[in-house]
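Report on the structure given below.
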Amino acid sequence: MNPPAEVPLEVTCLMVKDKLTAGEAFLFLDCRQPAEHATAHIEGARLIPMNELPQRVAELAGYRDKEIVVHCHHGGRSERVALWLREQGFAGARTMVGGIDRWAQEIDRAVPRY
């Protein structure tokens, strides 16, 4: 499924949870550092730290015409990553507002907050 021509930049935690529950095909990308991922992570998210993305962007080639939802701790890094991905031609890149911290508060309280 191709994303619409103008995909909104932001997506809520609840929207992402619904996508995961429905089994929608999208890439859920965690752009935090490995130590952060070890502390807390969301099942199904793929870790590619923000600082490694320029060297590893080829790994995402299969998602160029698909939706990519990026998350970080609070949403700042993921917004920068989503915007950078859009500049690289990934029009379906989005940021999960509030990051894993909001996810831990609104979706899954078992995910540790830090």
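Here's how to read the names in the structure tokens: chain A, B, ... by the order shown, residue numbers from 1 in each chain, ligand numbers from 1 in the order shown.
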Who sits within 6 Å of Asp30 of chain A, only C-alpha atoms, same chain under 3 positions skipped, as an MDAnalysis selection string:
chainID A and resid 45:47 70:72
Filtering to N, CA and C atoms, could you give me those residues as a PDB file, in the first residue's frame?
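Result written to again28.pdb:
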ATOM      1  N   ALA A  45       9.364  -2.936  17.047  1.00  0.00           N
ATOM      2  CA  ALA A  45      10.123  -1.802  16.514  1.00  0.00           C
ATOM      3  C   ALA A  45      11.544  -2.244  16.187  1.00  0.00           C
ATOM      4  N   ARG A  46      12.057  -1.765  15.079  1.00  0.00           N
ATOM      5  CA  ARG A  46      13.413  -2.097  14.631  1.00  0.00           C
ATOM      6  C   ARG A  46      14.364  -0.976  15.038  1.00  0.00           C
ATOM      7  N   LEU A  47      15.434  -1.328  15.711  1.00  0.00           N
ATOM      8  CA  LEU A  47      16.406  -0.347  16.186  1.00  0.00           C
ATOM      9  C   LEU A  47      17.436  -0.012  15.114  1.00  0.00           C
ATOM     10  N   VAL A  70       8.609   6.459  13.039  1.00  0.00           N
ATOM     11  CA  VAL A  70       9.838   6.550  13.821  1.00  0.00           C
ATOM     12  C   VAL A  70       9.494   6.982  15.243  1.00  0.00           C
ATOM     13  N   HIS A  71      10.150   6.343  16.210  1.00  0.00           N
ATOM     14  CA  HIS A  71       9.985   6.788  17.597  1.00  0.00           C
ATOM     15  C   HIS A  71      11.331   6.904  18.282  1.00  0.00           C
ATOM     16  N   CYS A  72      11.348   7.750  19.310  1.00  0.00           N
ATOM     17  CA  CYS A  72      12.524   7.922  20.157  1.00  0.00           C
ATOM     18  C   CYS A  72      12.033   7.989  21.597  1.00  0.00           C
TER      19      CYS A  72
END
Would you kindly return, as an MDAnalysis selection string, each protein, DNA or RNA residue with an atom no farther than 12 Å from any atom of Arg86 of chain A, considering only C-alpha atoms and excluding same-chain residues fewer than 4 positions away?
chainID A and resid 5:9 57 63:70 79:82 90:95
Spatial neighbours of segment 103-106 of chain A, max dist 10 Å, only C-alpha atoms, sep filter under 5 positions, as a PyMOL selection string
chain A and resi 12-14+16-17+40-42+71+73-74+96-98+111-114
Convert the current residue selection to file output with C-alpha atoms, as an mmCIF file, in the first residue's frame.
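Dumped to out_3.cif:
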data_model
loop_
_atom_site.group_PDB
_atom_site.id
_atom_site.type_symbol
_atom_site.label_atom_id
_atom_site.label_comp_id
_atom_site.auth_asym_id
_atom_site.auth_seq_id
_atom_site.Cartn_x
_atom_site.Cartn_y
_atom_site.Cartn_z
ATOM 1 C CA THR A 12 -0.237 9.292 17.848
ATOM 2 C CA CYS A 13 0.720 6.339 20.017
ATOM 3 C CA LEU A 14 -2.850 5.055 19.839
ATOM 4 C CA VAL A 16 0.448 3.172 16.030
ATOM 5 C CA LYS A 17 -0.971 0.627 18.477
ATOM 6 C CA ALA A 40 12.848 -0.002 27.346
ATOM 7 C CA HIS A 41 11.548 -0.974 23.926
ATOM 8 C CA ILE A 42 8.321 -1.549 22.053
ATOM 9 C CA HIS A 71 9.985 6.788 17.597
ATOM 10 C CA HIS A 73 12.307 8.847 23.837
ATOM 11 C CA HIS A 74 10.068 11.944 23.690
ATOM 12 C CA MET A 96 5.251 9.061 16.840
ATOM 13 C CA VAL A 97 4.334 12.019 19.042
ATOM 14 C CA GLY A 98 5.602 11.717 22.621
ATOM 15 C CA VAL A 111 7.285 -0.497 29.351
ATOM 16 C CA PRO A 112 9.736 1.159 31.782
ATOM 17 C CA ARG A 113 9.960 4.935 31.856
ATOM 18 C CA TYR A 114 13.385 6.560 32.125
#
Report, in Å with one decimal, the straight-line distance from atom CA of Leu29 of chain A to atom CA of Ile48 of chain A.
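Atom CA of Ile48 of chain A lies at a distance of 6.9 Å from atom CA of Leu29 of chain A.
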If you run DSSP over the backbone, which residues in chain A end up strand (DSSP E or B)? Put them as a list in words.
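Restricting chain A to strand (DSSP E or B) produces Glu10, Val11, Leu27, Phe28, Leu29, Asp30, Arg46, Leu47, Ile68, Val69, Val70, His71, Ala93, Arg94, Thr95 and Met96 of chain A.
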Let me see the file: selected residues, C-alpha atoms, as a PDB file, in the first residue's frame.
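part.pdb written:
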ATOM      1  CA  GLU A  10       2.821  13.143  13.154  1.00  0.00           C
ATOM      2  CA  VAL A  11       1.034  10.017  14.322  1.00  0.00           C
ATOM      3  CA  LEU A  27       8.178  -0.132   9.385  1.00  0.00           C
ATOM      4  CA  PHE A  28       8.245   0.801  13.062  1.00  0.00           C
ATOM      5  CA  LEU A  29      11.671   2.354  13.549  1.00  0.00           C
ATOM      6  CA  ASP A  30      13.320   3.061  16.923  1.00  0.00           C
ATOM      7  CA  ARG A  46      13.413  -2.097  14.631  1.00  0.00           C
ATOM      8  CA  LEU A  47      16.406  -0.347  16.186  1.00  0.00           C
ATOM      9  CA  ILE A  68       7.663   4.365   8.269  1.00  0.00           C
ATOM     10  CA  VAL A  69       6.813   5.367  11.837  1.00  0.00           C
ATOM     11  CA  VAL A  70       9.838   6.550  13.821  1.00  0.00           C
ATOM     12  CA  HIS A  71       9.985   6.788  17.597  1.00  0.00           C
ATOM     13  CA  ALA A  93       8.046   8.743   7.091  1.00  0.00           C
ATOM     14  CA  ARG A  94       6.260   9.903  10.242  1.00  0.00           C
ATOM     15  CA  THR A  95       7.077  10.589  13.880  1.00  0.00           C
ATOM     16  CA  MET A  96       5.251   9.061  16.840  1.00  0.00           C
TER      17      MET A  96
END
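Counting only C-alpha atoms, the residue from A:Pro49, A:Gly44, A:Pro34, A:Gly75 that sits nearest to Arg102 of chain A is A:Gly75.
The nearest approach to Gly89 of chain A among the residues A:Ala25, A:Met15, A:Leu20, A:Leu60, with only C-alpha atoms taken into account, belongs to A:Leu60.
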Taking only C-alpha atoms into account, name the residue in A:Gln33, A:Lys19, A:Ala38, A:Pro54 that is nearest to Gln88 of chain A.
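When distances to Gln88 of chain A are compared using only C-alpha atoms, the smallest one comes from A:Pro54.
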Determine which residues of chain A DSSP labels as alpha helix (DSSP H) from the backbone of this structure, then write them out as a PyMOL selection string.
chain A and resi 13-22+34-39+53-56+76-87+99-106
